[in-house]
file entry-v4.txt (compact mmCIF, C-alpha atoms)
# COMPACT_ATOMS: atom_id res chain seq x y z
CA MET A 1 12.23 -14.25 -28.44
CA LYS A 2 10.44 -10.97 -27.82
CA ALA A 3 12.57 -7.80 -27.86
CA ASP A 4 12.57 -5.44 -24.90
CA PRO A 5 10.18 -2.50 -25.30
CA LEU A 6 11.60 0.78 -26.55
CA LEU A 7 9.47 2.58 -23.93
CA GLU A 8 7.90 0.96 -20.89
CA VAL A 9 5.89 2.68 -18.16
CA LYS A 10 4.69 0.75 -15.12
CA LYS A 11 2.39 1.95 -12.34
CA LEU A 12 2.81 5.65 -13.15
CA ARG A 13 1.08 7.81 -10.56
CA LEU A 14 0.94 11.58 -10.37
CA SER A 15 -0.79 13.78 -7.83
CA VAL A 16 -0.85 17.53 -7.37
CA ARG A 17 -1.55 19.66 -4.34
CA GLY A 18 -4.06 22.45 -4.77
CA ASP A 19 -6.20 24.75 -2.66
CA GLU A 20 -8.65 21.92 -1.94
CA GLY A 21 -6.04 19.28 -1.11
CA VAL A 22 -4.31 16.60 -3.14
CA ALA A 23 -5.78 15.49 -6.47
CA GLN A 24 -4.77 12.18 -8.07
CA ILE A 25 -4.13 13.08 -11.73
CA LEU A 26 -2.71 9.80 -13.07
CA ASP A 27 -3.21 6.49 -11.29
CA HIS A 28 -1.38 3.25 -12.17
CA VAL A 29 -0.85 4.01 -15.87
CA GLU A 30 0.96 1.23 -17.72
CA LEU A 31 2.08 1.06 -21.33
CA ALA A 32 4.76 -0.54 -23.46
CA LEU A 33 5.87 0.56 -26.89
CA ALA A 34 8.04 -1.56 -29.18
CA ARG A 35 10.23 -0.27 -31.98
CA GLY A 36 8.04 0.61 -34.98
CA GLU A 37 4.79 0.80 -32.98
CA ILE A 38 2.65 3.92 -32.78
CA LEU A 39 0.77 4.93 -29.65
CA GLY A 40 -2.33 7.09 -29.79
CA VAL A 41 -3.74 8.67 -26.64
CA VAL A 42 -7.35 9.84 -26.89
CA GLY A 43 -9.79 11.24 -24.40
CA GLU A 44 -11.95 14.15 -23.42
CA SER A 45 -10.57 17.61 -22.87
CA GLY A 46 -8.90 17.82 -19.48
CA CYS A 47 -8.58 14.06 -18.94
CA GLY A 48 -4.77 14.07 -18.63
CA LYS A 49 -3.40 13.28 -22.10
CA SER A 50 -0.82 16.09 -22.06
CA THR A 51 -0.04 15.44 -18.41
CA LEU A 52 0.68 11.80 -19.24
CA ALA A 53 3.04 12.83 -22.04
CA ARG A 54 4.85 15.31 -19.78
CA ALA A 55 5.17 12.74 -17.00
CA VAL A 56 6.64 10.13 -19.36
CA LEU A 57 9.10 12.69 -20.72
CA GLY A 58 9.85 14.08 -17.26
CA ILE A 59 9.08 17.69 -18.17
CA PHE A 60 6.97 19.73 -15.79
CA ALA A 61 7.02 23.51 -15.57

call {"tool": "encode", "arguments": {"input": "entry-v4.txt", "output": "structure tokens"}}
result
Amino acid sequence: MKADPLLEVKKLRLSVRGDEGVAQILDHVELALARGEILGVVGESGCGKSTLARAVLGIFA
């Protein structure tokens, strides 16, 4: 029997409104993290790594 994930994100979407309209920042992000697992998020500068972390934690300023 597989244990429930410690953290599970399904179909996460995030858009922001700017001067030029609405920009889709995150689109259908899915991840699951079990107890004891480590998740690494890599990507180019400005690709949304920190935005993903803030969205999962629910902290936006």

call {"tool": "atom_distance", "arguments": {"input": "entry-v4.txt", "atom1": "atom CA of A:Leu39", "atom2": "atom CA of A:Arg13"}}
result
19.3 Å

call {"tool": "residues_around", "arguments": {"input": "entry-v4.txt", "residues": "stretch 46-60 of chain A", "least_positions_apart": "3", "cutoff": "10 Å", "atoms": "only C-alpha atoms", "output": "ChimeraX atom specification"}}
result
/A:7-9,12-14,25-26,29,40-43

call {"tool": "closest_residue", "arguments": {"input": "entry-v4.txt", "among": "A:Ser45, A:Asp27, A:Glu37, A:Ala3", "to": "A:Ser15", "atoms": "only C-alpha atoms"}}
result
A:Asp27

call {"tool": "build_atoms", "arguments": {"input": "entry-v4.txt", "residues": "stretch 28-44 of chain A", "atoms": "N, CA and C atoms", "output": "mmCIF file, in the coordinates of the input"}}
result
data_model
loop_
_atom_site.group_PDB
_atom_site.id
_atom_site.type_symbol
_atom_site.label_atom_id
_atom_site.label_comp_id
_atom_site.auth_asym_id
_atom_site.auth_seq_id
_atom_site.Cartn_x
_atom_site.Cartn_y
_atom_site.Cartn_z
ATOM 1 N N HIS A 28 -1.784 4.578 -11.693
ATOM 2 C CA HIS A 28 -1.380 3.250 -12.170
ATOM 3 C C HIS A 28 -1.457 3.114 -13.696
ATOM 4 N N VAL A 29 -0.901 4.066 -14.407
ATOM 5 C CA VAL A 29 -0.850 4.010 -15.870
ATOM 6 C C VAL A 29 0.260 3.052 -16.279
ATOM 7 N N GLU A 30 -0.036 2.158 -17.204
ATOM 8 C CA GLU A 30 0.960 1.230 -17.720
ATOM 9 C C GLU A 30 0.875 1.192 -19.236
ATOM 10 N N LEU A 31 2.036 1.206 -19.878
ATOM 11 C CA LEU A 31 2.080 1.060 -21.330
ATOM 12 C C LEU A 31 3.455 0.567 -21.737
ATOM 13 N N ALA A 32 3.499 -0.077 -22.885
ATOM 14 C CA ALA A 32 4.760 -0.540 -23.460
ATOM 15 C C ALA A 32 4.701 -0.277 -24.955
ATOM 16 N N LEU A 33 5.806 0.195 -25.478
ATOM 17 C CA LEU A 33 5.870 0.560 -26.890
ATOM 18 C C LEU A 33 7.117 -0.072 -27.492
ATOM 19 N N ALA A 34 6.918 -0.902 -28.498
ATOM 20 C CA ALA A 34 8.040 -1.560 -29.180
ATOM 21 C C ALA A 34 8.496 -0.713 -30.363
ATOM 22 N N ARG A 35 9.697 -0.974 -30.809
ATOM 23 C CA ARG A 35 10.230 -0.270 -31.980
ATOM 24 C C ARG A 35 9.269 -0.452 -33.158
ATOM 25 N N GLY A 36 8.927 0.649 -33.821
ATOM 26 C CA GLY A 36 8.040 0.610 -34.980
ATOM 27 C C GLY A 36 6.566 0.745 -34.640
ATOM 28 N N GLU A 37 6.193 0.657 -33.375
ATOM 29 C CA GLU A 37 4.790 0.800 -32.980
ATOM 30 C C GLU A 37 4.447 2.278 -32.818
ATOM 31 N N ILE A 38 3.163 2.568 -32.956
ATOM 32 C CA ILE A 38 2.650 3.920 -32.780
ATOM 33 C C ILE A 38 1.626 3.881 -31.665
ATOM 34 N N LEU A 39 1.704 4.846 -30.770
ATOM 35 C CA LEU A 39 0.770 4.930 -29.650
ATOM 36 C C LEU A 39 -0.099 6.162 -29.827
ATOM 37 N N GLY A 40 -1.388 5.979 -29.758
ATOM 38 C CA GLY A 40 -2.330 7.090 -29.790
ATOM 39 C C GLY A 40 -3.003 7.216 -28.434
ATOM 40 N N VAL A 41 -3.081 8.421 -27.919
ATOM 41 C CA VAL A 41 -3.740 8.670 -26.640
ATOM 42 C C VAL A 41 -4.935 9.570 -26.924
ATOM 43 N N VAL A 42 -6.123 9.080 -26.621
ATOM 44 C CA VAL A 42 -7.350 9.840 -26.890
ATOM 45 C C VAL A 42 -8.147 9.984 -25.609
ATOM 46 N N GLY A 43 -8.940 11.020 -25.559
ATOM 47 C CA GLY A 43 -9.790 11.240 -24.400
ATOM 48 C C GLY A 43 -10.389 12.632 -24.440
ATOM 49 N N GLU A 44 -11.286 12.861 -23.506
ATOM 50 C CA GLU A 44 -11.950 14.150 -23.420
ATOM 51 C C GLU A 44 -10.975 15.243 -23.013
#
